>>> print(open('structure-v2.csv').read())   # CSV, C-alpha atoms
chain,number,residue,atom,x,y,z
A,1021,MET,CA,77.1,118.5,149.7
A,1022,GLN,CA,74.5,116.0,148.9
A,1023,ASN,CA,75.7,112.4,149.2
A,1024,GLY,CA,73.9,109.8,147.1
A,1025,GLU,CA,72.5,109.3,143.6
A,1026,LYS,CA,70.8,112.6,143.0
A,1027,VAL,CA,72.7,115.2,141.0
A,1028,ILE,CA,73.2,118.6,142.5
A,1029,ASP,CA,71.1,120.8,140.2
A,1030,LEU,CA,72.4,124.3,139.9
A,1031,SER,CA,71.2,124.7,136.3
A,1032,GLU,CA,68.4,127.1,137.3
A,1033,ILE,CA,69.9,129.2,140.1
A,1034,LEU,CA,73.1,129.8,138.1
A,1035,LYS,CA,71.4,130.9,134.9
A,1036,GLY,CA,72.7,134.2,133.6
A,1037,LEU,CA,75.7,134.2,136.0
A,1038,GLY,CA,78.4,132.9,133.6
A,1039,ASN,CA,81.9,133.9,134.6
A,1040,LYS,CA,80.7,135.4,137.9
A,1041,TRP,CA,81.8,134.5,141.3
A,1042,VAL,CA,78.9,133.3,143.5
A,1043,VAL,CA,78.4,132.3,147.1
A,1044,LEU,CA,76.0,129.4,147.3
A,1045,SER,CA,74.0,128.6,150.5
A,1046,LYS,CA,75.5,125.7,152.4
A,1047,ASP,CA,72.9,123.3,151.0
A,1048,GLU,CA,73.5,124.7,147.5
A,1049,SER,CA,69.8,125.5,147.0
A,1050,ALA,CA,70.2,129.3,146.6
A,1051,VAL,CA,72.7,131.9,145.5
A,1052,LEU,CA,73.5,134.2,148.4
A,1053,ALA,CA,75.7,136.7,146.5
A,1054,VAL,CA,77.1,137.4,143.0
A,1055,ALA,CA,80.0,139.5,141.9
A,1056,ASP,CA,82.7,139.9,139.3
A,1057,THR,CA,85.5,139.6,141.8
A,1058,LEU,CA,86.0,137.8,145.1
A,1059,GLU,CA,86.9,141.0,146.8
A,1060,GLU,CA,83.3,142.2,146.3
A,1061,LEU,CA,82.1,139.0,148.0
A,1062,ARG,CA,84.5,139.3,151.0
A,1063,ASP,CA,81.7,139.8,153.6
A,1064,LYS,CA,79.7,136.8,152.3
A,1065,ILE,CA,82.3,134.2,151.6
A,1066,GLN,CA,82.1,132.6,155.1
A,1067,GLU,CA,78.4,132.1,154.8
A,1068,GLY,CA,78.4,129.4,152.2
A,1069,ILE,CA,80.4,127.8,149.4
A,1070,VAL,CA,82.1,129.8,146.6
A,1071,MET,CA,82.1,128.9,143.0
A,1072,MET,CA,83.1,130.5,139.7
A,1073,VAL,CA,80.3,129.9,137.3
A,1074,PRO,CA,81.5,128.5,133.9
A,1075,ASP,CA,80.8,130.5,130.8
A,1076,PRO,CA,77.6,129.0,129.3
A,1077,ASP,CA,78.6,129.8,125.8
A,1078,TYR,CA,81.7,127.7,125.7
A,1079,GLU,CA,82.6,124.1,126.4
A,1080,PHE,CA,84.9,124.1,129.5
A,1081,VAL,CA,88.1,122.2,128.6
A,1082,PRO,CA,90.5,123.6,131.2
A,1083,THR,CA,93.1,120.8,131.3
A,1084,PHE,CA,95.7,122.6,133.3
A,1085,SER,CA,99.3,121.5,132.7
A,1086,SER,CA,102.4,123.0,134.1
A,1087,ILE,CA,105.8,123.7,132.8
A,1088,CYS,CA,108.3,123.4,135.6
A,1089,GLY,CA,110.6,126.3,135.8
B,59,MET,CA,82.3,108.6,149.5
B,60,ILE,CA,80.0,109.1,146.6
B,61,VAL,CA,79.7,112.6,145.1
B,62,PRO,CA,76.9,113.4,142.6
B,63,TYR,CA,77.7,115.4,139.5
B,64,THR,CA,76.6,119.0,139.4
B,65,LYS,CA,74.2,120.2,136.8
B,66,ILE,CA,75.5,123.5,135.3
B,67,PRO,CA,73.6,125.8,132.9
B,68,PHE,CA,74.8,125.8,129.4
B,69,ASN,CA,73.6,127.3,126.1
B,70,ASN,CA,73.0,124.1,124.2
B,71,LYS,CA,69.8,122.4,123.2
B,72,ARG,CA,69.1,120.8,126.6
B,73,GLY,CA,70.3,123.9,128.5
B,74,TYR,CA,72.8,122.2,130.9
B,75,TYR,CA,75.7,119.8,131.3
B,76,TYR,CA,77.3,118.0,134.2
B,77,GLN,CA,80.6,118.6,136.0
B,78,PRO,CA,82.4,116.5,138.7
B,79,LEU,CA,82.6,119.3,141.4
B,80,LEU,CA,84.0,118.6,144.8
B,81,PRO,CA,83.4,120.9,147.8
B,82,VAL,CA,86.8,121.5,149.5
B,83,THR,CA,88.1,123.9,152.0
B,84,PHE,CA,91.5,125.6,151.6
B,85,SER,CA,92.9,127.4,154.5
B,86,HIS,CA,95.8,129.7,155.3
B,87,LYS,CA,96.8,130.9,158.7
B,88,GLY,CA,93.5,129.6,160.1
B,89,LYS,CA,91.3,131.4,157.6
B,90,PRO,CA,89.1,129.0,155.6
B,91,PHE,CA,87.9,129.3,152.0
B,92,ARG,CA,85.3,126.8,150.9
B,93,ILE,CA,84.9,126.3,147.1
B,94,ASN,CA,83.3,123.9,144.6
B,95,ALA,CA,86.4,122.7,142.8
B,96,LEU,CA,86.5,120.9,139.5
B,97,VAL,CA,88.0,117.4,139.6
B,98,ASP,CA,90.1,117.3,136.4
B,99,SER,CA,91.9,114.0,135.7
B,100,GLY,CA,93.7,115.7,132.7
B,101,ALA,CA,95.2,118.4,134.8
B,102,GLN,CA,98.8,117.9,135.7
B,103,THR,CA,98.6,120.0,138.8
B,104,THR,CA,96.1,121.9,141.0
B,105,GLY,CA,95.3,125.4,140.0
B,106,LEU,CA,93.5,128.2,141.9
B,107,ASN,CA,92.3,131.5,140.8
B,108,ALA,CA,94.8,134.2,142.0
B,109,GLN,CA,91.9,136.1,143.6
B,110,ILE,CA,91.9,133.4,146.2
B,111,ALA,CA,95.5,134.2,147.1
B,112,THR,CA,94.5,137.8,147.5
B,113,PHE,CA,91.6,136.7,149.8
B,114,PHE,CA,94.1,134.9,152.0
B,115,GLY,CA,96.4,138.0,152.0
B,116,ILE,CA,99.1,136.2,150.0
B,117,ASP,CA,101.2,138.4,147.8
B,118,TYR,CA,101.3,135.7,145.1
B,119,ARG,CA,103.3,137.7,142.6
B,120,LYS,CA,106.2,137.3,145.0
B,121,CYS,CA,105.9,133.5,144.9
B,122,PRO,CA,108.1,131.3,142.6
B,123,LYS,CA,106.9,131.6,139.1
B,124,GLY,CA,105.7,128.7,136.9
B,125,GLN,CA,103.9,128.4,133.6
B,126,ALA,CA,100.8,126.6,132.6
B,127,TYR,CA,99.2,125.8,129.3
B,128,GLY,CA,95.8,124.5,128.4
B,129,ILE,CA,94.1,123.5,125.2
B,130,GLU,CA,95.2,126.5,123.3
B,131,GLY,CA,98.8,125.6,124.1
B,132,ALA,CA,99.9,129.1,125.0
B,133,GLY,CA,101.9,129.4,128.2
B,134,LYS,CA,100.4,131.5,131.0
B,135,GLU,CA,102.3,132.7,134.0
B,136,THR,CA,101.5,131.1,137.4
B,137,TRP,CA,102.8,131.4,140.9
B,138,LYS,CA,103.5,128.4,143.0
B,139,TYR,CA,102.4,128.0,146.6
B,140,GLU,CA,101.1,125.3,149.0
B,141,LEU,CA,97.9,125.4,151.0
B,142,LYS,CA,96.2,123.2,153.4
B,143,MET,CA,93.1,121.5,152.0
B,144,VAL,CA,90.3,119.4,153.4
B,145,ILE,CA,87.6,117.5,151.4
B,146,ASP,CA,84.3,118.3,152.8
B,147,ASN,CA,82.5,115.4,154.5
B,148,LEU,CA,85.5,113.0,154.0
B,149,PRO,CA,87.1,112.4,157.4
B,150,ASN,CA,90.9,112.5,157.7
B,151,SER,CA,91.3,114.1,154.3
B,152,GLU,CA,93.5,117.1,155.3
B,153,LEU,CA,96.6,117.4,153.2
B,154,ILE,CA,99.0,120.1,152.0
B,155,VAL,CA,98.5,120.7,148.3
B,156,PRO,CA,101.2,122.2,146.1
B,157,LEU,CA,99.3,124.4,143.6
B,158,GLN,CA,99.6,127.2,141.2
B,159,PHE,CA,97.8,130.5,141.3
B,160,ILE,CA,96.6,131.7,137.9
B,161,GLU,CA,95.1,135.0,136.8
B,162,SER,CA,92.0,133.8,135.0
B,163,ARG,CA,88.5,134.8,134.2
B,164,SER,CA,87.3,131.2,133.8
B,165,VAL,CA,89.2,129.1,136.4
B,166,GLY,CA,88.0,129.0,140.0
B,167,ALA,CA,89.6,125.9,141.4
B,168,ILE,CA,90.9,122.8,139.6
B,169,LEU,CA,92.0,119.7,141.4
B,170,GLY,CA,94.6,117.9,139.3
B,171,HIS,CA,97.4,115.4,139.6
B,172,GLY,CA,100.1,115.8,142.2
B,173,ALA,CA,99.1,115.7,145.9
B,174,PHE,CA,95.3,115.4,145.2
B,175,PHE,CA,95.3,112.4,142.8
B,176,ASP,CA,98.3,110.9,144.7
B,177,ASN,CA,96.4,110.6,147.9
B,178,PHE,CA,92.9,109.4,146.9
B,179,ILE,CA,91.2,106.8,144.8
B,180,LEU,CA,89.0,108.6,142.3
B,181,THR,CA,86.5,106.7,140.2
B,182,PHE,CA,84.5,108.6,137.6
B,183,GLU,CA,81.1,107.1,136.8
B,184,ALA,CA,79.7,109.6,134.4
B,185,TYR,CA,77.1,107.1,133.2
B,186,SER,CA,75.6,107.3,136.8
B,187,LEU,CA,76.3,111.0,137.1
B,188,ARG,CA,78.5,110.5,140.1
B,189,PHE,CA,82.1,109.9,141.1
B,190,GLN,CA,83.7,108.3,144.1
B,191,ILE,CA,86.5,109.5,146.2
B,192,ASP,CA,88.1,107.4,148.9
B,193,HIS,CA,91.4,107.1,150.8
B,194,LYS,CA,94.0,105.1,149.0
B,195,PRO,CA,95.0,101.8,150.7
B,196,ASN,CA,97.7,102.4,153.2
B,197,GLN,CA,101.3,101.3,152.7
B,198,PHE,CA,101.0,98.3,155.1
B,199,TRP,CA,98.1,96.9,153.1
B,200,LEU,CA,100.0,97.2,149.9
B,201,SER,CA,103.1,95.5,151.2
B,202,ALA,CA,101.3,92.7,153.0
B,203,PRO,CA,101.4,90.1,150.1
B,204,ASN,CA,105.2,90.5,149.8
B,205,ALA,CA,105.6,90.1,153.5
B,206,GLN,CA,103.8,86.8,153.5
B,207,SER,CA,105.8,85.2,150.5
>>> encode(input="structure-v2.csv", output="structure tokens")
Amino acid sequence: MQNGEKVIDLSEILKGLGNKWVVLSKDESAVLAVADTLEELRDKIQEGIVMMVPDPDYEFVPTFSSICG
Amino acid sequence: MIVPYTKIPFNNKRGYYYQPLLPVTFSHKGKPFRINALVDSGAQTTGLNAQIATFFGIDYRKCPKGQAYGIEGAGKETWKYELKMVIDNLPNSELIVPLQFIESRSVGAILGHGAFFDNFILTFEAYSLRFQIDHKPNQFWLSAPNAQS
């Protein structure tokens, strides 16, 4: 993670990877692996930081609320 | 701790937007899983993609069931669990987070209300493309004014 004022710019390295699981390098400067499922990334997960890339065609409004039951 | 926003590709005119993502590490039976999680002040609870449960070897479908709904209002089945979580680069941030696993093609990890928002001060400064996360004041500090009166 970068601490400070500068944004973490993933806009180029994540292009074309919407809805994919990715493993980013620890400094978040590169994509180490891409897959449709986490299972496919199993051997790479511990090498970096995982992220599910948002779909670039839709606004992401996830607001996640639960119904107790 | 100041955390910069993350610039994400998007098919709009400028080609991107910003999200408040926080690198956190969930762990289960000593096995870590580090993920960029979305800090969502509108979320009532913390949600994790069910594939993460499978990664940990958790048979989530045997967990107590819940239901979640989002903007579309339709209920979606979830499974309740608790995991240990640490915020990367924030000392003494380990906590047990009650969460819900959800089978989703769009949600990786969402940090919502409940244990996460209850234990930290979160200040969004979107105009500066950053947010701040810090430990909440401890109980002694909160009760000090009353103790002196």
>>> atom_distance(input="structure-v2.csv", atom1="atom CA of Ala101 of chain B", atom2="atom CA of Phe174 of chain B")
10.8 Å
>>> atom_distance(input="structure-v2.csv", atom1="atom CA of Pro1076 of chain A", atom2="atom CA of Ser1045 of chain A")
21.5 Å
>>> atom_distance(input="structure-v2.csv", atom1="atom CA of Ser99 of chain B", atom2="atom CA of Pro81 of chain B")
16.3 Å
>>> interface_residues(input="structure-v2.csv", of="chain B", to="chain A", cutoff="8 Å", atoms="only C-alpha atoms", output="number ranges by chain")
B: 59-69, 73-74, 81, 90-95, 98, 100-105, 109-110, 113, 123-129, 146-147, 163-166, 168, 170, 186-188
>>> closest_residue(input="structure-v2.csv", among="B:Ala173, B:Ile160, B:Ile179, B:Val82", to="Leu106 of chain B", atoms="all atoms listed in the file")
B:Ile160
>>> residues_around(input="structure-v2.csv", residues="Cys121 of chain B", least_positions_apart="2", cutoff="9 Å", atoms="only C-alpha atoms", output="MDAnalysis selection string")
chainID B and resid 116:119 123 137:139
>>> build_atoms(input="structure-v2.csv", residues="segment 1040-1051 of chain A", atoms="all heavy atoms", output="PDB file, in the frame of the given file")
ATOM      1  N   LYS A1040      80.793 134.630 136.592  1.00  0.00           N
ATOM      2  CA  LYS A1040      80.700 135.400 137.900  1.00  0.00           C
ATOM      3  C   LYS A1040      81.156 134.503 139.011  1.00  0.00           C
ATOM      4  O   LYS A1040      81.107 133.272 138.955  1.00  0.00           O
ATOM      5  CB  LYS A1040      79.225 135.763 138.127  1.00  0.00           C
ATOM      6  CG  LYS A1040      78.581 136.615 137.050  1.00  0.00           C
ATOM      7  CD  LYS A1040      78.975 138.063 137.194  1.00  0.00           C
ATOM      8  CE  LYS A1040      78.147 138.934 136.249  1.00  0.00           C
ATOM      9  NZ  LYS A1040      78.596 140.323 136.249  1.00  0.00           N
ATOM     10  N   TRP A1041      81.588 135.150 140.069  1.00  0.00           N
ATOM     11  CA  TRP A1041      81.800 134.500 141.300  1.00  0.00           C
ATOM     12  C   TRP A1041      80.472 134.476 142.089  1.00  0.00           C
ATOM     13  O   TRP A1041      79.775 135.496 142.104  1.00  0.00           O
ATOM     14  CB  TRP A1041      82.831 135.206 142.191  1.00  0.00           C
ATOM     15  CG  TRP A1041      84.245 135.114 141.725  1.00  0.00           C
ATOM     16  CD1 TRP A1041      84.934 136.045 141.001  1.00  0.00           C
ATOM     17  CD2 TRP A1041      85.177 134.046 141.984  1.00  0.00           C
ATOM     18  NE1 TRP A1041      86.219 135.624 140.780  1.00  0.00           N
ATOM     19  CE2 TRP A1041      86.398 134.405 141.371  1.00  0.00           C
ATOM     20  CE3 TRP A1041      85.087 132.833 142.647  1.00  0.00           C
ATOM     21  CZ2 TRP A1041      87.524 133.582 141.425  1.00  0.00           C
ATOM     22  CZ3 TRP A1041      86.208 132.021 142.696  1.00  0.00           C
ATOM     23  CH2 TRP A1041      87.404 132.386 142.092  1.00  0.00           C
ATOM     24  N   VAL A1042      80.134 133.352 142.673  1.00  0.00           N
ATOM     25  CA  VAL A1042      78.900 133.300 143.500  1.00  0.00           C
ATOM     26  C   VAL A1042      79.220 132.677 144.834  1.00  0.00           C
ATOM     27  O   VAL A1042      80.176 131.909 144.976  1.00  0.00           O
ATOM     28  CB  VAL A1042      77.780 132.481 142.794  1.00  0.00           C
ATOM     29  CG1 VAL A1042      77.392 133.085 141.457  1.00  0.00           C
ATOM     30  CG2 VAL A1042      78.169 131.022 142.642  1.00  0.00           C
ATOM     31  N   VAL A1043      78.396 133.024 145.800  1.00  0.00           N
ATOM     32  CA  VAL A1043      78.400 132.300 147.100  1.00  0.00           C
ATOM     33  C   VAL A1043      77.067 131.556 147.144  1.00  0.00           C
ATOM     34  O   VAL A1043      75.996 132.177 147.074  1.00  0.00           O
ATOM     35  CB  VAL A1043      78.521 133.242 148.284  1.00  0.00           C
ATOM     36  CG1 VAL A1043      78.474 132.434 149.583  1.00  0.00           C
ATOM     37  CG2 VAL A1043      79.812 134.040 148.210  1.00  0.00           C
ATOM     38  N   LEU A1044      77.154 130.232 147.217  1.00  0.00           N
ATOM     39  CA  LEU A1044      76.000 129.400 147.300  1.00  0.00           C
ATOM     40  C   LEU A1044      75.656 129.154 148.808  1.00  0.00           C
ATOM     41  O   LEU A1044      76.572 129.104 149.636  1.00  0.00           O
ATOM     42  CB  LEU A1044      76.181 128.049 146.638  1.00  0.00           C
ATOM     43  CG  LEU A1044      76.474 128.091 145.136  1.00  0.00           C
ATOM     44  CD1 LEU A1044      76.981 126.720 144.669  1.00  0.00           C
ATOM     45  CD2 LEU A1044      75.234 128.478 144.353  1.00  0.00           C
ATOM     46  N   SER A1045      74.398 128.965 149.110  1.00  0.00           N
ATOM     47  CA  SER A1045      74.000 128.600 150.500  1.00  0.00           C
ATOM     48  C   SER A1045      74.659 127.216 150.775  1.00  0.00           C
ATOM     49  O   SER A1045      75.017 126.462 149.861  1.00  0.00           O
ATOM     50  CB  SER A1045      72.523 128.510 150.624  1.00  0.00           C
ATOM     51  OG  SER A1045      71.979 127.581 149.708  1.00  0.00           O
ATOM     52  N   LYS A1046      74.800 126.888 152.051  1.00  0.00           N
ATOM     53  CA  LYS A1046      75.500 125.700 152.400  1.00  0.00           C
ATOM     54  C   LYS A1046      74.840 124.404 151.852  1.00  0.00           C
ATOM     55  O   LYS A1046      75.501 123.392 151.599  1.00  0.00           O
ATOM     56  CB  LYS A1046      75.628 125.576 153.938  1.00  0.00           C
ATOM     57  CG  LYS A1046      76.654 126.584 154.447  1.00  0.00           C
ATOM     58  CD  LYS A1046      76.784 126.618 155.945  1.00  0.00           C
ATOM     59  CE  LYS A1046      77.817 127.676 156.348  1.00  0.00           C
ATOM     60  NZ  LYS A1046      77.874 127.911 157.789  1.00  0.00           N
ATOM     61  N   ASP A1047      73.532 124.455 151.636  1.00  0.00           N
ATOM     62  CA  ASP A1047      72.900 123.300 151.000  1.00  0.00           C
ATOM     63  C   ASP A1047      72.786 123.414 149.503  1.00  0.00           C
ATOM     64  O   ASP A1047      72.171 122.589 148.841  1.00  0.00           O
ATOM     65  CB  ASP A1047      71.459 123.119 151.621  1.00  0.00           C
ATOM     66  CG  ASP A1047      70.530 124.280 151.293  1.00  0.00           C
ATOM     67  OD1 ASP A1047      70.968 125.230 150.604  1.00  0.00           O
ATOM     68  OD2 ASP A1047      69.359 124.227 151.713  1.00  0.00           O
ATOM     69  N   GLU A1048      73.417 124.441 148.958  1.00  0.00           N
ATOM     70  CA  GLU A1048      73.500 124.700 147.500  1.00  0.00           C
ATOM     71  C   GLU A1048      72.138 124.819 146.852  1.00  0.00           C
ATOM     72  O   GLU A1048      71.970 124.490 145.687  1.00  0.00           O
ATOM     73  CB  GLU A1048      74.336 123.578 146.840  1.00  0.00           C
ATOM     74  CG  GLU A1048      75.762 123.519 147.365  1.00  0.00           C
ATOM     75  CD  GLU A1048      76.656 122.579 146.603  1.00  0.00           C
ATOM     76  OE1 GLU A1048      77.159 122.971 145.560  1.00  0.00           O
ATOM     77  OE2 GLU A1048      76.830 121.436 147.066  1.00  0.00           O
ATOM     78  N   SER A1049      71.182 125.332 147.600  1.00  0.00           N
ATOM     79  CA  SER A1049      69.800 125.500 147.000  1.00  0.00           C
ATOM     80  C   SER A1049      69.584 126.947 146.588  1.00  0.00           C
ATOM     81  O   SER A1049      68.590 127.217 145.923  1.00  0.00           O
ATOM     82  CB  SER A1049      68.781 125.106 148.064  1.00  0.00           C
ATOM     83  OG  SER A1049      68.820 125.991 149.171  1.00  0.00           O
ATOM     84  N   ALA A1050      70.458 127.862 146.958  1.00  0.00           N
ATOM     85  CA  ALA A1050      70.200 129.300 146.600  1.00  0.00           C
ATOM     86  C   ALA A1050      71.547 130.000 146.451  1.00  0.00           C
ATOM     87  O   ALA A1050      72.577 129.575 146.978  1.00  0.00           O
ATOM     88  CB  ALA A1050      69.424 129.934 147.748  1.00  0.00           C
ATOM     89  N   VAL A1051      71.496 131.074 145.680  1.00  0.00           N
ATOM     90  CA  VAL A1051      72.700 131.900 145.500  1.00  0.00           C
ATOM     91  C   VAL A1051      72.546 133.082 146.517  1.00  0.00           C
ATOM     92  O   VAL A1051      71.562 133.816 146.525  1.00  0.00           O
ATOM     93  CB  VAL A1051      72.722 132.498 144.072  1.00  0.00           C
ATOM     94  CG1 VAL A1051      73.872 133.490 143.934  1.00  0.00           C
ATOM     95  CG2 VAL A1051      72.875 131.361 143.067  1.00  0.00           C
TER      96      VAL A1051
END
